[in-house]
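Trainee: So here's entry_0.txt (compact mmCIF, N, CA, C and O atoms).
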# COMPACT_ATOMS: atom_id res chain seq x y z
N LYS C 20 111.14 81.00 108.85
CA LYS C 20 112.10 81.39 109.88
C LYS C 20 112.61 82.79 109.57
O LYS C 20 112.90 83.12 108.43
N THR C 21 112.74 83.61 110.59
CA THR C 21 113.19 84.99 110.40
C THR C 21 114.71 85.08 110.49
O THR C 21 115.36 84.24 111.11
N LEU C 22 115.24 86.12 109.90
CA LEU C 22 116.67 86.37 110.01
C LEU C 22 116.97 86.82 111.43
O LEU C 22 116.24 87.62 112.00
N ARG C 23 118.03 86.34 111.98
CA ARG C 23 118.39 86.72 113.34
C ARG C 23 119.39 87.87 113.30
O ARG C 23 120.51 87.77 113.79
N ARG C 24 118.95 88.95 112.68
CA ARG C 24 119.79 90.14 112.58
C ARG C 24 118.94 91.36 112.86
O ARG C 24 117.74 91.37 112.66
N SER C 25 119.59 92.42 113.30
CA SER C 25 118.92 93.69 113.53
C SER C 25 119.64 94.77 112.75
O SER C 25 120.75 94.57 112.25
N LEU C 26 119.02 95.93 112.69
CA LEU C 26 119.59 97.06 111.97
C LEU C 26 120.43 97.91 112.91
O LEU C 26 119.96 98.28 113.99
N TYR C 27 121.63 98.22 112.47
CA TYR C 27 122.55 99.05 113.24
C TYR C 27 123.11 100.13 112.33
O TYR C 27 123.18 99.97 111.12
N PHE C 28 123.54 101.25 112.93
CA PHE C 28 124.20 102.30 112.15
C PHE C 28 125.60 101.83 111.79
O PHE C 28 126.31 101.29 112.63
N SER C 29 126.01 102.05 110.55
CA SER C 29 127.32 101.57 110.10
C SER C 29 128.44 102.57 110.38
O SER C 29 129.61 102.24 110.22
N LYS C 30 128.10 103.78 110.83
CA LYS C 30 129.11 104.78 111.17
C LYS C 30 128.51 105.82 112.11
O LYS C 30 127.29 105.87 112.30
N ASN C 31 129.36 106.65 112.68
CA ASN C 31 128.89 107.74 113.53
C ASN C 31 128.19 108.78 112.67
O ASN C 31 128.71 109.16 111.62
N LEU C 32 127.02 109.23 113.12
CA LEU C 32 126.25 110.21 112.34
C LEU C 32 125.79 111.34 113.24
O LEU C 32 125.52 111.14 114.43
N LYS C 33 125.69 112.52 112.67
CA LYS C 33 125.30 113.72 113.41
C LYS C 33 123.80 113.96 113.36
O LYS C 33 123.10 113.46 112.47
N LYS C 34 123.33 114.76 114.28
CA LYS C 34 121.93 115.17 114.33
C LYS C 34 121.53 115.83 113.01
O LYS C 34 122.34 116.52 112.39
N ASN C 35 120.30 115.62 112.57
CA ASN C 35 119.73 116.17 111.33
C ASN C 35 120.30 115.55 110.05
O ASN C 35 120.00 116.01 108.96
N TYR C 36 121.11 114.50 110.16
CA TYR C 36 121.64 113.81 108.99
C TYR C 36 120.52 112.98 108.37
O TYR C 36 119.75 112.33 109.07
N LYS C 37 120.42 112.98 107.04
CA LYS C 37 119.44 112.16 106.34
C LYS C 37 120.04 110.78 106.10
O LYS C 37 121.07 110.64 105.45
N LEU C 38 119.38 109.78 106.63
CA LEU C 38 119.87 108.41 106.56
C LEU C 38 119.86 107.88 105.12
O LEU C 38 118.91 108.11 104.38
N LYS C 39 120.93 107.19 104.75
CA LYS C 39 121.05 106.56 103.43
C LYS C 39 121.20 105.05 103.62
O LYS C 39 121.48 104.57 104.71
N TYR C 40 121.03 104.30 102.54
CA TYR C 40 121.15 102.84 102.61
C TYR C 40 122.53 102.42 103.10
O TYR C 40 122.66 101.44 103.83
N LEU C 41 123.56 103.14 102.72
CA LEU C 41 124.92 102.77 103.11
C LEU C 41 125.19 103.00 104.59
O LEU C 41 126.20 102.52 105.12
N ASP C 42 124.32 103.73 105.27
CA ASP C 42 124.48 104.01 106.70
C ASP C 42 123.89 102.92 107.57
O ASP C 42 123.94 103.00 108.79
N ILE C 43 123.30 101.89 106.95
CA ILE C 43 122.65 100.80 107.69
C ILE C 43 123.44 99.52 107.52
O ILE C 43 123.86 99.18 106.42
N SER C 44 123.65 98.81 108.63
CA SER C 44 124.27 97.49 108.55
C SER C 44 123.36 96.48 109.26
O SER C 44 122.65 96.81 110.20
N PHE C 45 123.38 95.26 108.78
CA PHE C 45 122.56 94.18 109.32
C PHE C 45 123.48 93.26 110.13
O PHE C 45 124.27 92.53 109.56
N LEU C 46 123.36 93.34 111.44
CA LEU C 46 124.28 92.62 112.31
C LEU C 46 123.54 91.76 113.33
O LEU C 46 122.38 91.99 113.63
N ARG C 47 124.24 90.76 113.85
CA ARG C 47 123.75 89.99 114.97
C ARG C 47 124.17 90.71 116.24
O ARG C 47 125.16 91.42 116.23
N PRO C 48 123.51 90.57 117.31
CA PRO C 48 122.36 89.74 117.61
C PRO C 48 121.05 90.42 117.24
O PRO C 48 120.99 91.64 117.09
N TYR C 49 120.02 89.63 117.14
CA TYR C 49 118.68 90.17 116.89
C TYR C 49 118.17 90.83 118.16
O TYR C 49 118.33 90.31 119.25
N ASN C 50 117.57 92.00 118.01
CA ASN C 50 117.01 92.72 119.15
C ASN C 50 115.62 93.19 118.76
O ASN C 50 115.47 94.01 117.86
N LYS C 51 114.59 92.71 119.44
CA LYS C 51 113.22 93.03 119.02
C LYS C 51 112.80 94.45 119.38
O LYS C 51 111.74 94.88 118.95
N SER C 52 113.62 95.21 120.09
CA SER C 52 113.28 96.60 120.35
C SER C 52 113.64 97.51 119.17
O SER C 52 113.21 98.65 119.12
N GLY C 53 114.40 96.98 118.21
CA GLY C 53 114.74 97.74 117.01
C GLY C 53 113.64 97.63 115.97
O GLY C 53 112.62 96.97 116.17
N ILE C 54 113.84 98.28 114.82
CA ILE C 54 112.83 98.23 113.76
C ILE C 54 112.96 96.91 113.00
O ILE C 54 114.03 96.30 112.96
N ASP C 55 111.87 96.47 112.39
CA ASP C 55 111.86 95.22 111.64
C ASP C 55 112.70 95.34 110.38
O ASP C 55 112.79 96.41 109.77
N LEU C 56 113.30 94.22 109.97
CA LEU C 56 114.09 94.22 108.74
C LEU C 56 113.27 94.62 107.53
O LEU C 56 113.75 95.32 106.65
N LYS C 57 112.02 94.20 107.50
CA LYS C 57 111.18 94.51 106.34
C LYS C 57 110.81 95.99 106.26
O LYS C 57 110.43 96.47 105.20
N ASP C 58 110.98 96.75 107.35
CA ASP C 58 110.60 98.16 107.38
C ASP C 58 111.79 99.11 107.24
O ASP C 58 111.62 100.33 107.33
N TYR C 59 112.98 98.58 107.00
CA TYR C 59 114.15 99.46 107.01
C TYR C 59 114.11 100.53 105.93
O TYR C 59 114.57 101.64 106.14
N SER C 60 113.52 100.24 104.78
CA SER C 60 113.49 101.24 103.71
C SER C 60 112.60 102.43 104.04
O SER C 60 112.76 103.49 103.47
N LYS C 61 111.70 102.27 105.00
CA LYS C 61 110.84 103.38 105.43
C LYS C 61 111.62 104.45 106.17
O LYS C 61 111.15 105.58 106.31
N PHE C 62 112.80 104.12 106.66
CA PHE C 62 113.58 105.07 107.44
C PHE C 62 114.67 105.74 106.63
O PHE C 62 115.29 106.68 107.10
N VAL C 63 114.91 105.27 105.43
CA VAL C 63 115.89 105.92 104.56
C VAL C 63 115.33 107.26 104.12
O VAL C 63 114.19 107.37 103.70
N GLY C 64 116.13 108.31 104.26
CA GLY C 64 115.70 109.65 103.91
C GLY C 64 115.18 110.45 105.09
O GLY C 64 114.95 111.64 104.97
N ARG C 65 115.02 109.80 106.23
CA ARG C 65 114.55 110.51 107.42
C ARG C 65 115.71 111.11 108.17
O ARG C 65 116.83 110.59 108.17
N LYS C 66 115.46 112.24 108.85
CA LYS C 66 116.50 112.93 109.60
C LYS C 66 116.61 112.37 111.01
O LYS C 66 115.63 112.01 111.64
N LEU C 67 117.86 112.34 111.49
CA LEU C 67 118.13 111.86 112.84
C LEU C 67 117.76 112.91 113.87
O LEU C 67 117.98 114.10 113.66
N LYS C 68 117.24 112.45 114.99
CA LYS C 68 116.83 113.34 116.07
C LYS C 68 118.04 113.77 116.91
O LYS C 68 118.06 114.86 117.48
N SER C 69 119.05 112.90 116.99
CA SER C 69 120.25 113.19 117.79
C SER C 69 121.45 112.47 117.17
O SER C 69 121.29 111.68 116.25
N ASN C 70 122.62 112.74 117.69
CA ASN C 70 123.83 112.06 117.23
C ASN C 70 123.75 110.58 117.57
O ASN C 70 123.21 110.20 118.61
N VAL C 71 124.28 109.74 116.68
CA VAL C 71 124.30 108.30 116.93
C VAL C 71 125.71 107.77 116.69
O VAL C 71 126.50 108.38 115.97
N LYS C 72 126.01 106.65 117.31
CA LYS C 72 127.34 106.06 117.19
C LYS C 72 127.31 104.82 116.31
O LYS C 72 126.27 104.19 116.13
N LYS C 73 128.47 104.48 115.79
CA LYS C 73 128.62 103.27 114.98
C LYS C 73 128.20 102.06 115.80
O LYS C 73 128.48 101.98 117.00
N ASN C 74 127.52 101.12 115.15
CA ASN C 74 127.03 99.87 115.75
C ASN C 74 125.97 100.08 116.83
O ASN C 74 125.71 99.18 117.62
N GLN C 75 125.33 101.26 116.83
CA GLN C 75 124.19 101.50 117.72
C GLN C 75 122.94 100.95 117.06
O GLN C 75 122.74 101.11 115.86
N LEU C 76 122.08 100.29 117.83
CA LEU C 76 120.84 99.74 117.33
C LEU C 76 119.94 100.85 116.79
O LEU C 76 119.82 101.91 117.40
N ILE C 77 119.33 100.62 115.62
CA ILE C 77 118.42 101.60 115.04
C ILE C 77 117.02 101.35 115.61
O ILE C 77 116.48 100.25 115.47
N ILE C 78 116.47 102.39 116.24
CA ILE C 78 115.11 102.32 116.77
C ILE C 78 114.32 103.51 116.24
O ILE C 78 114.89 104.48 115.74
N LYS C 79 113.00 103.44 116.34
CA LYS C 79 112.15 104.50 115.81
C LYS C 79 112.42 105.84 116.47
O LYS C 79 112.30 106.88 115.83
N ASN C 80 112.80 105.83 117.72
CA ASN C 80 113.04 107.08 118.44
C ASN C 80 114.29 107.82 117.98
O ASN C 80 114.51 108.95 118.39
N ASN C 81 115.12 107.21 117.14
CA ASN C 81 116.29 107.89 116.60
C ASN C 81 115.92 108.94 115.56
O ASN C 81 116.75 109.77 115.21
N PHE C 82 114.68 108.89 115.07
CA PHE C 82 114.30 109.72 113.94
C PHE C 82 113.26 110.77 114.31
O PHE C 82 112.44 110.57 115.20
N LYS C 83 113.31 111.87 113.58
CA LYS C 83 112.30 112.90 113.74
C LYS C 83 110.99 112.41 113.16
O LYS C 83 110.96 111.51 112.33
N LYS C 84 109.89 113.02 113.59
CA LYS C 84 108.57 112.65 113.07
C LYS C 84 108.52 112.91 111.58
O LYS C 84 109.08 113.87 111.08
N TRP C 85 107.84 112.04 110.87
CA TRP C 85 107.75 112.13 109.41
C TRP C 85 106.37 112.59 109.02
O TRP C 85 105.37 112.03 109.46
N LYS C 86 106.30 113.61 108.20
CA LYS C 86 105.01 114.11 107.73
C LYS C 86 104.48 113.20 106.64
O LYS C 86 105.21 112.81 105.74
N ILE C 87 103.20 112.89 106.70
CA ILE C 87 102.59 111.98 105.74
C ILE C 87 102.70 112.53 104.32
O ILE C 87 102.90 111.80 103.37
N SER C 88 102.67 113.84 104.17
CA SER C 88 102.74 114.44 102.83
C SER C 88 104.10 114.23 102.17
O SER C 88 104.25 114.39 100.97
N ASN C 89 105.09 113.85 102.95
CA ASN C 89 106.45 113.66 102.41
C ASN C 89 106.73 112.23 101.99
O ASN C 89 107.84 111.92 101.58
N VAL C 90 105.75 111.34 102.09
CA VAL C 90 105.97 109.93 101.76
C VAL C 90 106.42 109.78 100.31
O VAL C 90 107.38 109.08 100.01
N GLN C 91 105.73 110.44 99.40
CA GLN C 91 106.08 110.37 97.99
C GLN C 91 107.51 110.88 97.76
O GLN C 91 108.29 110.26 97.04
N LEU C 92 107.84 111.99 98.39
CA LEU C 92 109.18 112.57 98.24
C LEU C 92 110.24 111.60 98.76
O LEU C 92 111.29 111.42 98.14
N ARG C 93 109.98 110.93 99.87
CA ARG C 93 110.93 109.98 100.45
C ARG C 93 111.18 108.82 99.50
O ARG C 93 112.31 108.38 99.31
N GLN C 94 110.11 108.31 98.87
CA GLN C 94 110.26 107.19 97.95
C GLN C 94 111.07 107.60 96.73
O GLN C 94 111.94 106.85 96.27
N GLU C 95 110.83 108.79 96.21
CA GLU C 95 111.60 109.27 95.07
C GLU C 95 113.07 109.44 95.45
O GLU C 95 113.96 109.11 94.68
N TRP C 96 113.32 109.97 96.65
CA TRP C 96 114.69 110.18 97.09
C TRP C 96 115.41 108.85 97.23
O TRP C 96 116.57 108.71 96.83
N ALA C 97 114.73 107.84 97.78
CA ALA C 97 115.35 106.53 97.96
C ALA C 97 115.67 105.89 96.61
O ALA C 97 116.72 105.28 96.43
N GLN C 98 114.77 106.03 95.63
CA GLN C 98 115.02 105.47 94.31
C GLN C 98 116.21 106.17 93.65
O GLN C 98 117.05 105.53 93.03
N LYS C 99 116.29 107.49 93.81
CA LYS C 99 117.41 108.24 93.23
C LYS C 99 118.72 107.79 93.85
O LYS C 99 119.72 107.61 93.17
N ASP C 100 118.72 107.58 95.18
CA ASP C 100 119.92 107.14 95.88
C ASP C 100 120.36 105.77 95.37
O ASP C 100 121.54 105.53 95.16
N CYS C 101 119.41 104.87 95.14
CA CYS C 101 119.73 103.53 94.63
C CYS C 101 120.29 103.59 93.21
O CYS C 101 121.20 102.86 92.86
N GLN C 102 119.73 104.49 92.40
CA GLN C 102 120.21 104.61 91.02
C GLN C 102 121.63 105.14 91.00
O GLN C 102 122.45 104.71 90.20
N GLU C 103 121.94 106.08 91.91
CA GLU C 103 123.31 106.61 91.97
C GLU C 103 124.30 105.52 92.36
O GLU C 103 125.42 105.49 91.88
N LYS C 104 123.88 104.61 93.25
CA LYS C 104 124.75 103.53 93.70
C LYS C 104 124.65 102.31 92.78
O LYS C 104 125.33 101.34 93.00
N GLN C 105 123.76 102.36 91.81
CA GLN C 105 123.52 101.29 90.86
C GLN C 105 123.08 100.00 91.57
O GLN C 105 123.51 98.90 91.24
N TRP C 106 122.20 100.15 92.56
CA TRP C 106 121.62 99.01 93.25
C TRP C 106 120.32 98.64 92.59
O TRP C 106 119.64 99.46 92.02
N LYS C 107 119.95 97.40 92.69
CA LYS C 107 118.68 96.94 92.13
C LYS C 107 117.87 96.28 93.24
O LYS C 107 118.37 95.40 93.93
N PHE C 108 116.65 96.71 93.38
CA PHE C 108 115.73 96.14 94.38
C PHE C 108 114.51 95.63 93.70
O PHE C 108 114.07 96.08 92.72
The structure in this file should be written as structure tokens.
Mentor:
Amino acid sequence: KTLRRSLYFSKNLKKNYKLKYLDISFLRPYNKSGIDLKDYSKFVGRKLKSNVKKNQLIIKNNFKKWKISNVQLRQEWAQKDCQEKQWKF
């Protein structure tokens, strides 16, 4: 059974802001037009295409295109962010 939650922005964010784990909240209701829960870490470190509001559903179109060559850099950045917050995954 899947979780009946979707990803939402936890606060108002400006264009070109790099998304962090703390900027994501998991809220009801589930909306299948948003990104999957299992894919949320792929969007951490990506820049926003436009301003977003608190409790707005996170969709792929909120983000700028990601260059394939930056995948390694994104993973390192996400790990560094987790270490600063002392999170364990």
Trainee: How many Å lie between atom CA of C:Phe62 and atom CA of C:Leu41, rounded to one decimal?
Mentor: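 Atom-to-atom, atom CA of C:Phe62 to atom CA of C:Leu41, that is 12.4 Å.
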Trainee: Measuring between only N, CA, C and O atoms, which one of C:Leu76, C:Leu32, C:Leu38, C:Ile54 shows the shortest distance to C:Ala97?
Mentor: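 Looking at the shortest contact to C:Ala97, the residue is C:Leu38.
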Trainee: Between atom CA of C:Phe28 and atom C of C:Lys84, what is the distance in Å, rounded to a tenth?
Mentor: 18.9 Å
Trainee: Taking all atoms listed in the file into account, which of C:Leu56, C:Val63, C:Val71, C:Leu46 comes nearest C:Lys30?
Mentor: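 Checking each candidate against C:Lys30, we get C:Val71 as the closest.
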Trainee: List the residues sitting within 8 Å of (115.9, 118.6, 113.7) in the file's frame, using all atoms listed in the file, as a PyMOL selection string.
Mentor: chain C and resi 34-36+66-69+83
Trainee: Report, in Å to a single decimal, how far apart atom O of C:Ser29 and atom CA of C:Ile43 are.
Mentor: 7.5 Å
Trainee: Using only C-alpha atoms, find the one residue out of C:Tyr49, C:Phe82, C:Lys39, C:Ser44 that sits nearest to C:Gly64.
Mentor: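 Ranking C:Tyr49, C:Phe82, C:Lys39, C:Ser44 by distance to C:Gly64, first place goes to C:Lys39.
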Trainee: Which polymer residues have any atom within 7 Å of an atom of C:Asn50, counting all atoms listed in the file, with same-chain residues fewer than 6 positions away left out, as a VMD selection string?
Mentor: chain C and resid 23 to 26 77
Trainee: Taking into account all atoms listed in the file, which residue in the set C:Lys33, C:Lys79, C:Asn74, C:Arg65 is nearest to C:Gly53?
Mentor: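 Using all atoms listed in the file, the shortest distance to C:Gly53 belongs to C:Lys79.
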Trainee: Of the residues C:Tyr40, C:Ser52, C:Phe45, C:Asn31, which is the one nearest to C:Asn80, using only C-alpha atoms?
Mentor: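 Of all the options, C:Ser52 lies closest to C:Asn80.
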